[in-house]
$ cat input_1.txt   # compact mmCIF, C-alpha atoms
# COMPACT_ATOMS: atom_id res chain seq x y z
CA MET A 1 45.28 -57.84 36.38
CA VAL A 2 48.09 -55.46 35.51
CA THR A 3 46.78 -51.97 34.82
CA GLN A 4 47.97 -49.82 31.94
CA GLU A 5 49.73 -47.48 34.37
CA GLN A 6 51.51 -50.38 36.08
CA ARG A 7 52.57 -51.67 32.66
CA LYS A 8 53.97 -48.23 31.78
CA ARG A 9 55.99 -48.14 34.98
CA GLN A 10 57.27 -51.66 34.33
CA LEU A 11 58.37 -50.71 30.81
CA ALA A 12 60.07 -47.59 32.14
CA ARG A 13 62.00 -49.57 34.74
CA GLU A 14 63.02 -52.12 32.10
CA LYS A 15 64.23 -49.28 29.90
CA PHE A 16 66.41 -47.91 32.70
CA LEU A 17 67.85 -51.37 33.33
CA ARG A 18 68.72 -51.80 29.65
CA GLN A 19 70.42 -48.41 29.68
CA GLN A 20 72.46 -49.37 32.71
CA GLN A 21 73.55 -52.65 31.18
CA ARG A 22 74.61 -50.96 27.94
CA ARG A 23 76.55 -48.26 29.74
CA THR A 24 78.21 -50.69 32.12
CA ALA A 25 79.35 -52.78 29.13
CA ALA A 26 80.59 -49.66 27.34
CA ARG A 27 82.58 -48.57 30.38
CA ARG A 28 84.09 -52.04 30.68
CA LYS A 29 85.20 -51.97 27.03
CA ALA A 30 86.63 -48.49 27.49
CA ARG A 31 88.61 -49.59 30.54
CA MET A 32 90.00 -52.59 28.63
CA ARG A 33 90.97 -50.37 25.72
CA ASN A 34 92.68 -47.86 27.98
CA SER A 35 94.53 -50.67 29.73
CA VAL A 36 95.94 -51.91 26.42
CA ILE A 37 96.99 -48.41 25.40
CA ALA A 38 98.65 -47.83 28.77
CA SER A 39 100.63 -51.06 28.54
CA VAL A 40 101.86 -50.19 25.08
CA LEU A 41 102.95 -46.72 26.05
CA GLY A 42 104.26 -47.76 29.42
CA VAL A 43 102.01 -45.27 31.15
CA VAL A 44 99.70 -45.99 34.04
CA VAL A 45 96.48 -44.05 33.69
CA ILE A 46 94.31 -43.55 36.73
CA GLY A 47 90.78 -42.80 35.60
CA SER A 48 87.80 -41.52 37.43
CA VAL A 49 85.28 -44.06 38.58
CA ALA A 50 82.29 -43.93 36.28
CA LEU A 51 79.04 -43.17 38.07
CA TYR A 52 75.52 -43.31 36.96
CA THR A 53 72.03 -43.38 38.34
CA THR A 54 68.53 -42.25 37.81
CA GLY A 55 70.42 -42.18 38.02
CA VAL A 56 70.40 -41.99 38.92
CA LEU A 57 70.46 -45.16 39.46
CA LYS A 58 70.64 -48.77 39.08
CA ASN A 59 67.39 -48.92 37.26
CA ASP A 60 68.71 -46.19 35.44
CA ASP A 61 71.71 -46.15 35.95
CA LYS A 62 72.41 -41.99 38.14
CA ALA A 63 71.27 -41.33 34.38
CA ASN A 64 71.81 -40.04 30.94
CA ALA A 65 69.42 -40.04 28.04
CA SER A 66 69.03 -42.91 25.60
CA SER A 67 68.05 -42.39 21.98
CA ALA A 68 65.88 -45.49 21.95
CA THR A 69 62.14 -45.07 22.25
CA THR A 70 59.79 -47.36 24.12
CA PRO A 71 56.02 -47.78 24.13
CA SER A 72 55.97 -45.95 27.44
CA ALA A 73 57.83 -42.88 26.19
CA THR A 74 55.69 -39.79 26.45
CA PRO A 75 56.63 -36.67 24.42
CA THR A 76 57.47 -33.69 26.59
CA SER A 77 56.79 -30.25 25.14
CA LYS A 78 59.53 -27.71 25.66
CA ALA A 79 58.62 -25.00 28.13
CA PRO A 80 60.38 -21.64 28.52
CA ASP A 81 63.61 -21.75 30.52
CA PRO A 82 62.64 -20.59 34.05
CA CYS A 83 66.22 -20.16 35.23
CA GLU A 84 68.89 -17.48 35.23
CA LYS A 85 72.30 -17.42 33.59
CA PRO A 86 75.04 -19.25 35.52
CA ALA A 87 77.37 -17.28 37.76
CA ALA A 88 80.82 -16.51 36.40
CA GLY A 89 83.32 -19.28 36.94
CA SER A 90 84.32 -22.69 35.66
CA VAL A 91 84.22 -26.28 36.86
CA LYS A 92 87.29 -27.45 38.76
CA LYS A 93 88.97 -30.60 37.50
CA LEU A 94 89.51 -32.47 40.75
CA SER A 95 90.11 -36.14 41.50
CA TRP A 96 91.23 -38.20 44.48
CA LYS A 97 92.51 -41.75 44.74
CA LYS A 98 90.57 -42.76 47.84
CA GLU A 99 87.58 -41.80 49.92
CA PRO A 100 88.34 -39.06 52.47
CA ALA A 101 88.53 -40.07 56.11
CA VAL A 102 85.28 -39.58 58.00
CA THR A 103 85.74 -36.38 60.00
CA ILE A 104 82.17 -35.16 60.43
CA ASP A 105 80.40 -35.24 63.77
CA THR A 106 77.88 -38.03 63.28
CA SER A 107 75.82 -36.81 66.23
CA ALA A 108 75.35 -33.35 64.72
CA LYS A 109 72.94 -32.05 62.09
CA TYR A 110 74.23 -31.03 58.68
CA THR A 111 72.52 -29.17 55.85
CA MET A 112 73.54 -28.89 52.23
CA LYS A 113 72.57 -25.79 50.26
CA LEU A 114 72.56 -25.92 46.49
CA ALA A 115 72.55 -22.34 45.19
CA THR A 116 71.41 -22.93 41.60
CA THR A 117 70.49 -20.83 38.62
CA CYS A 118 66.88 -21.85 39.25
CA GLY A 119 66.80 -21.03 42.96
CA ASP A 120 68.20 -22.33 46.22
CA MET A 121 67.54 -25.86 47.45
CA ASP A 122 68.21 -26.66 51.10
CA ILE A 123 68.69 -30.32 51.97
CA ALA A 124 68.62 -31.78 55.48
CA LEU A 125 71.30 -34.48 55.50
CA LYS A 126 70.92 -37.86 57.22
CA THR A 127 74.26 -37.74 58.97
CA ALA A 128 73.89 -40.60 61.44
CA ALA A 129 72.30 -42.95 58.89
CA ALA A 130 74.70 -42.20 56.03
CA PRO A 131 77.96 -40.91 57.55
CA HIS A 132 80.25 -41.85 54.64
CA THR A 133 77.95 -40.20 52.13
CA VAL A 134 77.46 -37.02 54.13
CA ASN A 135 81.17 -36.84 54.92
CA SER A 136 82.00 -37.18 51.22
CA PHE A 137 79.62 -34.36 50.28
CA ASP A 138 81.04 -32.19 53.04
CA PHE A 139 84.53 -32.84 51.69
CA LEU A 140 83.65 -32.29 48.02
CA ALA A 141 81.64 -29.14 48.71
CA SER A 142 84.53 -27.68 50.73
CA LYS A 143 86.80 -28.18 47.71
CA GLY A 144 84.38 -26.43 45.34
CA TYR A 145 83.87 -29.69 43.44
CA PHE A 146 80.19 -29.08 42.64
CA ASP A 147 80.48 -25.36 41.89
CA HIS A 148 79.48 -24.39 38.32
CA THR A 149 78.43 -27.96 37.45
CA LYS A 150 75.30 -28.70 35.42
CA CYS A 151 72.52 -31.01 36.49
CA HIS A 152 72.70 -33.16 33.39
CA ARG A 153 69.62 -35.38 33.49
CA LEU A 154 65.89 -35.09 34.06
CA THR A 155 63.49 -38.03 33.87
CA THR A 156 59.79 -37.35 33.46
CA ASN A 157 58.39 -40.80 32.76
CA GLY A 158 58.31 -43.79 35.13
CA ILE A 159 60.97 -42.30 37.40
CA TYR A 160 60.83 -38.63 38.32
CA VAL A 161 64.25 -37.29 39.21
CA LEU A 162 66.80 -34.59 38.50
CA GLN A 163 70.37 -35.88 38.48
CA CYS A 164 73.39 -33.76 39.34
CA GLY A 165 76.94 -34.02 40.66
CA ASP A 166 78.93 -34.82 37.52
CA PRO A 167 81.55 -32.16 36.69
CA THR A 168 81.79 -33.49 33.13
CA GLY A 169 78.05 -33.12 32.55
CA SER A 170 78.11 -36.44 30.69
CA GLY A 171 76.77 -38.81 33.32
CA SER A 172 80.06 -40.69 33.57
CA GLY A 173 82.14 -38.40 35.80
CA GLY A 174 83.13 -38.86 39.41
CA PRO A 175 85.62 -37.88 42.12
CA GLY A 176 87.99 -40.80 41.50
CA TYR A 177 86.83 -42.77 44.53
CA THR A 178 83.70 -44.63 45.56
CA ILE A 179 81.77 -44.74 48.83
CA PRO A 180 79.82 -47.60 50.41
CA ASP A 181 76.06 -47.95 50.13
CA GLU A 182 74.27 -46.82 53.29
CA ASN A 183 70.81 -46.46 54.80
CA LEU A 184 69.13 -48.77 52.29
CA LYS A 185 66.53 -49.74 54.88
CA ASP A 186 65.49 -46.15 55.57
CA LYS A 187 61.95 -46.04 56.90
CA SER A 188 60.97 -43.56 54.18
CA LEU A 189 61.45 -46.22 51.50
CA LYS A 190 58.13 -48.01 51.58
CA GLY A 191 56.74 -50.32 48.92
CA GLY A 192 59.76 -49.90 46.65
CA VAL A 193 59.16 -46.16 46.36
CA TYR A 194 61.58 -43.28 46.80
CA PRO A 195 59.21 -40.52 47.91
CA ALA A 196 59.21 -36.98 46.57
CA GLY A 197 61.77 -34.87 48.39
CA THR A 198 64.34 -37.65 48.69
CA VAL A 199 67.97 -37.02 47.75
CA ALA A 200 69.87 -40.22 46.98
CA MET A 201 73.10 -41.45 45.44
CA ALA A 202 73.41 -42.62 41.88
CA ASN A 203 75.56 -45.65 41.10
CA THR A 204 76.58 -48.02 38.31
CA GLY A 205 74.07 -50.68 39.29
CA GLN A 206 76.68 -52.52 41.34
CA LYS A 207 77.12 -52.37 45.10
CA HIS A 208 79.25 -49.63 46.64
CA THR A 209 79.85 -47.69 43.42
CA GLY A 210 78.49 -44.31 44.46
CA GLY A 211 80.75 -41.31 43.93
CA SER A 212 79.56 -37.73 43.47
CA GLN A 213 76.43 -38.09 41.33
CA PHE A 214 73.12 -37.82 43.12
CA PHE A 215 69.46 -37.44 42.26
CA LEU A 216 66.63 -35.35 43.64
CA VAL A 217 63.16 -36.92 43.53
CA TYR A 218 60.38 -34.46 42.61
CA GLN A 219 57.59 -37.09 42.44
CA ASP A 220 57.26 -40.51 44.07
CA SER A 221 59.39 -42.93 42.03
CA GLN A 222 59.38 -46.71 42.13
CA LEU A 223 62.95 -47.99 42.44
CA PRO A 224 64.67 -50.89 44.19
CA PRO A 225 66.32 -49.89 47.49
CA SER A 226 69.80 -49.76 45.97
CA TYR A 227 70.53 -46.04 46.11
CA THR A 228 71.66 -44.48 49.38
CA PRO A 229 69.01 -41.99 50.58
CA PHE A 230 71.00 -39.33 52.39
CA GLY A 231 68.87 -36.18 52.47
CA THR A 232 65.46 -34.54 52.35
CA ILE A 233 64.68 -31.42 50.34
CA SER A 234 63.00 -28.47 52.09
CA ALA A 235 59.55 -27.22 51.03
CA SER A 236 61.04 -24.18 49.32
CA GLY A 237 63.58 -26.40 47.59
CA MET A 238 60.79 -28.63 46.29
CA LYS A 239 59.19 -25.61 44.63
CA VAL A 240 62.44 -24.96 42.79
CA LEU A 241 62.78 -28.64 41.82
CA LYS A 242 59.22 -28.82 40.50
CA LYS A 243 59.78 -25.66 38.48
CA ILE A 244 62.74 -27.36 36.83
CA ALA A 245 60.69 -30.50 36.17
CA ALA A 246 57.81 -28.48 34.70
CA ALA A 247 60.14 -27.13 32.01
CA GLY A 248 60.63 -30.70 30.75
CA GLU A 249 63.60 -32.44 29.17
CA SER A 250 65.25 -32.10 25.78
CA THR A 251 64.48 -35.38 24.01
CA GLY A 252 60.70 -35.40 24.34
CA GLN A 253 60.98 -39.05 25.38
CA GLY A 254 60.98 -38.56 29.14
CA ASP A 255 64.72 -38.92 29.76
CA GLY A 256 67.31 -36.33 28.77
CA ALA A 257 68.99 -33.05 29.62
CA PRO A 258 66.62 -30.62 31.40
CA ASN A 259 65.28 -27.75 29.31
CA ALA A 260 65.92 -25.50 32.30
CA THR A 261 69.45 -24.18 32.69
CA VAL A 262 70.21 -25.99 35.95
CA VAL A 263 73.68 -25.10 37.16
CA ILE A 264 74.90 -25.38 40.74
CA ASN A 265 76.58 -22.02 41.25
CA LYS A 266 77.68 -23.01 44.75
CA ALA A 267 77.25 -26.03 47.01
CA THR A 268 77.71 -25.60 50.75
CA VAL A 269 77.49 -28.08 53.62
CA THR A 270 76.91 -26.54 57.05
CA LYS A 271 76.96 -28.07 60.52
CA SER A 272 74.26 -26.87 62.90
$ encode --input "input_1.txt" --output "structure tokens"
Amino acid sequence: MVTQEQRKRQLAREKFLRQQQRRTAARRKARMRNSVIASVLGVVVIGSVALYTTGVLKNDDKANASSATTPSATPTSKAPDPCEKPAAGSVKKLSWKKEPAVTIDTSAKYTMKLATTCGDMDIALKTAAAPHTVNSFDFLASKGYFDHTKCHRLTTNGIYVLQCGDPTGSGSGGPGYTIPDENLKDKSLKGGVYPAGTVAMANTGQKHTGGSQFFLVYQDSQLPPSYTPFGTISASGMKVLKKIAAAGESTGQGDGAPNATVVINKATVTKS
């Protein structure tokens, strides 16, 4: 017999899938429209590759809020903002045509530090298991790509993640290139669950469509193994992440912008 909790999770996953399908269709229409405009004007427009998770995700999609309600939607009361004002500075508008060459030392250990308005989060990166992903983050961080960007999505129902990495803050931004899926058979992914503390790539729901958007799991979340797990959050970082989650999201439906002012003031990848 399916329990009420299992039914809620099933409805939540179905909601994320519907969101992904709608957004994928919308992006396809937008690309077709832009193609027509470009042909008329005689201009070739190179757009950024749209990314999305819970997103995050494929069952999300990386991850933006939907206005539709479902039986499983649980209102989230707005808590006081636990975070500080963002550091001075603005988001850089950067884009590249292709994935950077892999230059990291795959036998070495790398750590990513997200210095955010809500506190610092240190992430141990899975270099050997996800070399393309780690290399991409090393490259993007060195260019200041993530600096001053907002974490645009928080899910608090069915899937429990904070999604970041989109300079546009819309859930559709990316670096202009995609990277291959990696490490989808990671031993930490048991029973279709991404455990709390996991950092993984968001994508469009299709294979090898990850870019710069990623999600941080603050509570065990049931998802198909389609999102590259490439890091693990430290204990102190988890405290920061849970503080953000405790403040809730803006729609009251379990999927929207976080109430906390989550801005990555600086992202740094360090080799140790």
$ closest_residue --input "input_1.txt" --among "A:Met112, A:Ala79, A:Cys164, A:Ala246" --to "A:Cys151" --atoms "only C-alpha atoms"
A:Cys164
$ closest_residue --input "input_1.txt" --among "A:Gln163, A:Thr198, A:Ser212, A:Ser234" --to "A:Leu94" --atoms "all atoms listed in the file"
A:Ser212
$ residues_near_point --input "input_1.txt" --point "(76.9, -48.6, 46.6)" --cutoff "8 Å" --atoms "only C-alpha atoms" --output "compact mmCIF listing (two decimals) with C-alpha atoms, in the coordinates of the input"
# COMPACT_ATOMS: atom_id res chain seq x y z
CA THR A 178 83.70 -44.63 45.56
CA ILE A 179 81.77 -44.74 48.83
CA PRO A 180 79.82 -47.60 50.41
CA ASP A 181 76.06 -47.95 50.13
CA GLU A 182 74.27 -46.82 53.29
CA ASN A 203 75.56 -45.65 41.10
CA GLN A 206 76.68 -52.52 41.34
CA LYS A 207 77.12 -52.37 45.10
CA HIS A 208 79.25 -49.63 46.64
CA THR A 209 79.85 -47.69 43.42
CA GLY A 210 78.49 -44.31 44.46
CA SER A 226 69.80 -49.76 45.97
CA TYR A 227 70.53 -46.04 46.11
CA THR A 228 71.66 -44.48 49.38
$ closest_residue --input "input_1.txt" --among "A:Gly248, A:Gly191, A:Gly205, A:Gly211" --to "A:Gly165" --atoms "only C-alpha atoms"
A:Gly211
$ closest_residue --input "input_1.txt" --among "A:Met121, A:Val102, A:Ala235, A:Ala196" --to "A:Ile159" --atoms "all atoms listed in the file"
A:Ala196
$ closest_residue --input "input_1.txt" --among "A:Ser170, A:Thr116, A:Asn183, A:Asn259" --to "A:His148" --atoms "only C-alpha atoms"
A:Thr116
$ closest_residue --input "input_1.txt" --among "A:Gly144, A:Tyr177, A:Leu125, A:Phe137" --to "A:Ser95" --atoms "all atoms listed in the file"
A:Tyr177
$ residues_around --input "input_1.txt" --residues "A:Gly256" --least-positions-apart "5" --cutoff "6 Å" --atoms "all atoms listed in the file" --output "list in words"
Ala65, Arg153, Leu154, Glu249, Ser250 and Thr251 of chain A
$ atom_distance --input "input_1.txt" --atom1 "atom CA of A:Gly197" --atom2 "atom CA of A:Ala130"
16.7 Å
$ atom_distance --input "input_1.txt" --atom1 "atom CA of A:Gly173" --atom2 "atom CA of A:Ala245"
22.9 Å
$ atom_distance --input "input_1.txt" --atom1 "atom CA of A:Ala108" --atom2 "atom CA of A:Val269"
12.5 Å
$ residues_near_point --input "input_1.txt" --point "(83.7, -41.4, 59.3)" --cutoff "12 Å" --atoms "only C-alpha atoms" --output "PDB file with C-alpha atoms, keeping the file's coordinate frame"
ATOM      1  CA  GLU A  99      87.580 -41.800  49.920  1.00  0.00           C
ATOM      2  CA  PRO A 100      88.340 -39.060  52.470  1.00  0.00           C
ATOM      3  CA  ALA A 101      88.530 -40.070  56.110  1.00  0.00           C
ATOM      4  CA  VAL A 102      85.280 -39.580  58.000  1.00  0.00           C
ATOM      5  CA  THR A 103      85.740 -36.380  60.000  1.00  0.00           C
ATOM      6  CA  ILE A 104      82.170 -35.160  60.430  1.00  0.00           C
ATOM      7  CA  ASP A 105      80.400 -35.240  63.770  1.00  0.00           C
ATOM      8  CA  THR A 106      77.880 -38.030  63.280  1.00  0.00           C
ATOM      9  CA  SER A 107      75.820 -36.810  66.230  1.00  0.00           C
ATOM     10  CA  THR A 127      74.260 -37.740  58.970  1.00  0.00           C
ATOM     11  CA  ALA A 128      73.890 -40.600  61.440  1.00  0.00           C
ATOM     12  CA  ALA A 129      72.300 -42.950  58.890  1.00  0.00           C
ATOM     13  CA  ALA A 130      74.700 -42.200  56.030  1.00  0.00           C
ATOM     14  CA  PRO A 131      77.960 -40.910  57.550  1.00  0.00           C
ATOM     15  CA  HIS A 132      80.250 -41.850  54.640  1.00  0.00           C
ATOM     16  CA  THR A 133      77.950 -40.200  52.130  1.00  0.00           C
ATOM     17  CA  VAL A 134      77.460 -37.020  54.130  1.00  0.00           C
ATOM     18  CA  ASN A 135      81.170 -36.840  54.920  1.00  0.00           C
ATOM     19  CA  SER A 136      82.000 -37.180  51.220  1.00  0.00           C
ATOM     20  CA  ASP A 138      81.040 -32.190  53.040  1.00  0.00           C
ATOM     21  CA  PHE A 139      84.530 -32.840  51.690  1.00  0.00           C
ATOM     22  CA  ILE A 179      81.770 -44.740  48.830  1.00  0.00           C
ATOM     23  CA  PRO A 180      79.820 -47.600  50.410  1.00  0.00           C
TER      24      PRO A 180
END
$ axis_aligned_box --input "input_1.txt" --around "stretch 127-131 of chain A" --padding-each-side "8 Å" --output "AutoDock Vina command-line options"
--center_x 75.1 --center_y -40.3 --center_z 58.7 --size_x 21.7 --size_y 21.2 --size_z 21.4
$ decode --input "input_1.txt" --residues "stretch 119-146 of chain A" --atoms "N, CA, C and O atoms" --output "mmCIF file, in the first residue's frame"
data_model
loop_
_atom_site.group_PDB
_atom_site.id
_atom_site.type_symbol
_atom_site.label_atom_id
_atom_site.label_comp_id
_atom_site.auth_asym_id
_atom_site.auth_seq_id
_atom_site.Cartn_x
_atom_site.Cartn_y
_atom_site.Cartn_z
ATOM 1 N N GLY A 119 26.922 33.072 5.010
ATOM 2 C CA GLY A 119 28.011 32.332 5.631
ATOM 3 C C GLY A 119 28.794 31.565 4.582
ATOM 4 O O GLY A 119 28.375 31.451 3.426
ATOM 5 N N ASP A 120 29.930 31.050 4.972
ATOM 6 C CA ASP A 120 30.792 30.315 4.041
ATOM 7 C C ASP A 120 30.404 28.840 3.973
ATOM 8 O O ASP A 120 30.104 28.222 5.003
ATOM 9 N N MET A 121 30.449 28.291 2.762
ATOM 10 C CA MET A 121 30.204 26.869 2.562
ATOM 11 C C MET A 121 31.399 26.269 1.835
ATOM 12 O O MET A 121 31.704 26.656 0.704
ATOM 13 N N ASP A 122 32.083 25.353 2.499
ATOM 14 C CA ASP A 122 33.217 24.654 1.900
ATOM 15 C C ASP A 122 32.738 23.327 1.322
ATOM 16 O O ASP A 122 31.985 22.590 1.981
ATOM 17 N N ILE A 123 33.185 23.043 0.107
ATOM 18 C CA ILE A 123 32.731 21.841 -0.594
ATOM 19 C C ILE A 123 33.932 21.038 -1.069
ATOM 20 O O ILE A 123 34.786 21.546 -1.811
ATOM 21 N N ALA A 124 34.037 19.793 -0.621
ATOM 22 C CA ALA A 124 35.087 18.891 -1.090
ATOM 23 C C ALA A 124 34.660 18.359 -2.454
ATOM 24 O O ALA A 124 33.599 17.746 -2.591
ATOM 25 N N LEU A 125 35.464 18.607 -3.468
ATOM 26 C CA LEU A 125 35.105 18.236 -4.832
ATOM 27 C C LEU A 125 35.589 16.826 -5.191
ATOM 28 O O LEU A 125 36.649 16.397 -4.751
ATOM 29 N N LYS A 126 34.796 16.130 -5.993
ATOM 30 C CA LYS A 126 35.108 14.756 -6.397
ATOM 31 C C LYS A 126 35.861 14.792 -7.720
ATOM 32 O O LYS A 126 35.336 14.451 -8.783
ATOM 33 N N THR A 127 37.107 15.195 -7.626
ATOM 34 C CA THR A 127 37.919 15.465 -8.813
ATOM 35 C C THR A 127 38.079 14.258 -9.727
ATOM 36 O O THR A 127 37.844 14.336 -10.941
ATOM 37 N N ALA A 128 38.496 13.131 -9.181
ATOM 38 C CA ALA A 128 38.745 11.950 -10.000
ATOM 39 C C ALA A 128 37.467 11.408 -10.628
ATOM 40 O O ALA A 128 37.480 10.928 -11.764
ATOM 41 N N ALA A 129 36.357 11.500 -9.911
ATOM 42 C CA ALA A 129 35.092 10.939 -10.392
ATOM 43 C C ALA A 129 34.368 11.865 -11.371
ATOM 44 O O ALA A 129 33.609 11.400 -12.218
ATOM 45 N N ALA A 130 34.609 13.150 -11.257
ATOM 46 C CA ALA A 130 33.914 14.119 -12.119
ATOM 47 C C ALA A 130 34.895 15.187 -12.614
ATOM 48 O O ALA A 130 34.746 16.371 -12.331
ATOM 49 N N PRO A 131 35.909 14.791 -13.369
ATOM 50 C CA PRO A 131 36.958 15.729 -13.784
ATOM 51 C C PRO A 131 36.479 16.881 -14.662
ATOM 52 O O PRO A 131 36.941 18.011 -14.510
ATOM 53 N N HIS A 132 35.554 16.623 -15.589
ATOM 54 C CA HIS A 132 35.052 17.696 -16.447
ATOM 55 C C HIS A 132 34.281 18.731 -15.630
ATOM 56 O O HIS A 132 34.417 19.941 -15.860
ATOM 57 N N THR A 133 33.492 18.240 -14.697
ATOM 58 C CA THR A 133 32.688 19.138 -13.869
ATOM 59 C C THR A 133 33.569 19.985 -12.961
ATOM 60 O O THR A 133 33.416 21.211 -12.878
ATOM 61 N N VAL A 134 34.491 19.342 -12.273
ATOM 62 C CA VAL A 134 35.387 20.068 -11.376
ATOM 63 C C VAL A 134 36.256 21.044 -12.163
ATOM 64 O O VAL A 134 36.473 22.188 -11.746
ATOM 65 N N ASN A 135 36.741 20.620 -13.301
ATOM 66 C CA ASN A 135 37.563 21.497 -14.139
ATOM 67 C C ASN A 135 36.775 22.736 -14.572
ATOM 68 O O ASN A 135 37.293 23.863 -14.573
ATOM 69 N N SER A 136 35.506 22.523 -14.933
ATOM 70 C CA SER A 136 34.660 23.636 -15.354
ATOM 71 C C SER A 136 34.456 24.632 -14.218
ATOM 72 O O SER A 136 34.533 25.850 -14.417
ATOM 73 N N PHE A 137 34.222 24.120 -13.018
ATOM 74 C CA PHE A 137 34.028 25.012 -11.866
ATOM 75 C C PHE A 137 35.316 25.742 -11.514
ATOM 76 O O PHE A 137 35.287 26.920 -11.129
ATOM 77 N N ASP A 138 36.439 25.064 -11.654
ATOM 78 C CA ASP A 138 37.725 25.712 -11.422
ATOM 79 C C ASP A 138 37.918 26.861 -12.422
ATOM 80 O O ASP A 138 38.342 27.968 -12.056
ATOM 81 N N PHE A 139 37.588 26.593 -13.663
ATOM 82 C CA PHE A 139 37.705 27.611 -14.717
ATOM 83 C C PHE A 139 36.766 28.795 -14.459
ATOM 84 O O PHE A 139 37.184 29.960 -14.480
ATOM 85 N N LEU A 140 35.482 28.500 -14.226
ATOM 86 C CA LEU A 140 34.497 29.563 -14.035
ATOM 87 C C LEU A 140 34.795 30.404 -12.795
ATOM 88 O O LEU A 140 34.680 31.637 -12.820
ATOM 89 N N ALA A 141 35.182 29.734 -11.712
ATOM 90 C CA ALA A 141 35.499 30.468 -10.484
ATOM 91 C C ALA A 141 36.698 31.389 -10.701
ATOM 92 O O ALA A 141 36.729 32.521 -10.194
ATOM 93 N N SER A 142 37.682 30.928 -11.466
ATOM 94 C CA SER A 142 38.872 31.748 -11.710
ATOM 95 C C SER A 142 38.552 32.989 -12.532
ATOM 96 O O SER A 142 39.274 33.987 -12.471
ATOM 97 N N LYS A 143 37.466 32.942 -13.281
ATOM 98 C CA LYS A 143 37.044 34.079 -14.094
ATOM 99 C C LYS A 143 36.076 34.999 -13.351
ATOM 100 O O LYS A 143 35.633 36.009 -13.910
ATOM 101 N N GLY A 144 35.737 34.650 -12.109
ATOM 102 C CA GLY A 144 34.788 35.455 -11.346
ATOM 103 C C GLY A 144 33.351 35.292 -11.809
ATOM 104 O O GLY A 144 32.493 36.132 -11.526
ATOM 105 N N TYR A 145 33.065 34.182 -12.495
ATOM 106 C CA TYR A 145 31.747 33.948 -13.084
ATOM 107 C C TYR A 145 30.632 33.888 -12.039
ATOM 108 O O TYR A 145 29.521 34.392 -12.269
ATOM 109 N N PHE A 146 30.907 33.268 -10.891
ATOM 110 C CA PHE A 146 29.876 33.090 -9.870
ATOM 111 C C PHE A 146 29.768 34.274 -8.901
ATOM 112 O O PHE A 146 28.794 34.355 -8.142
#
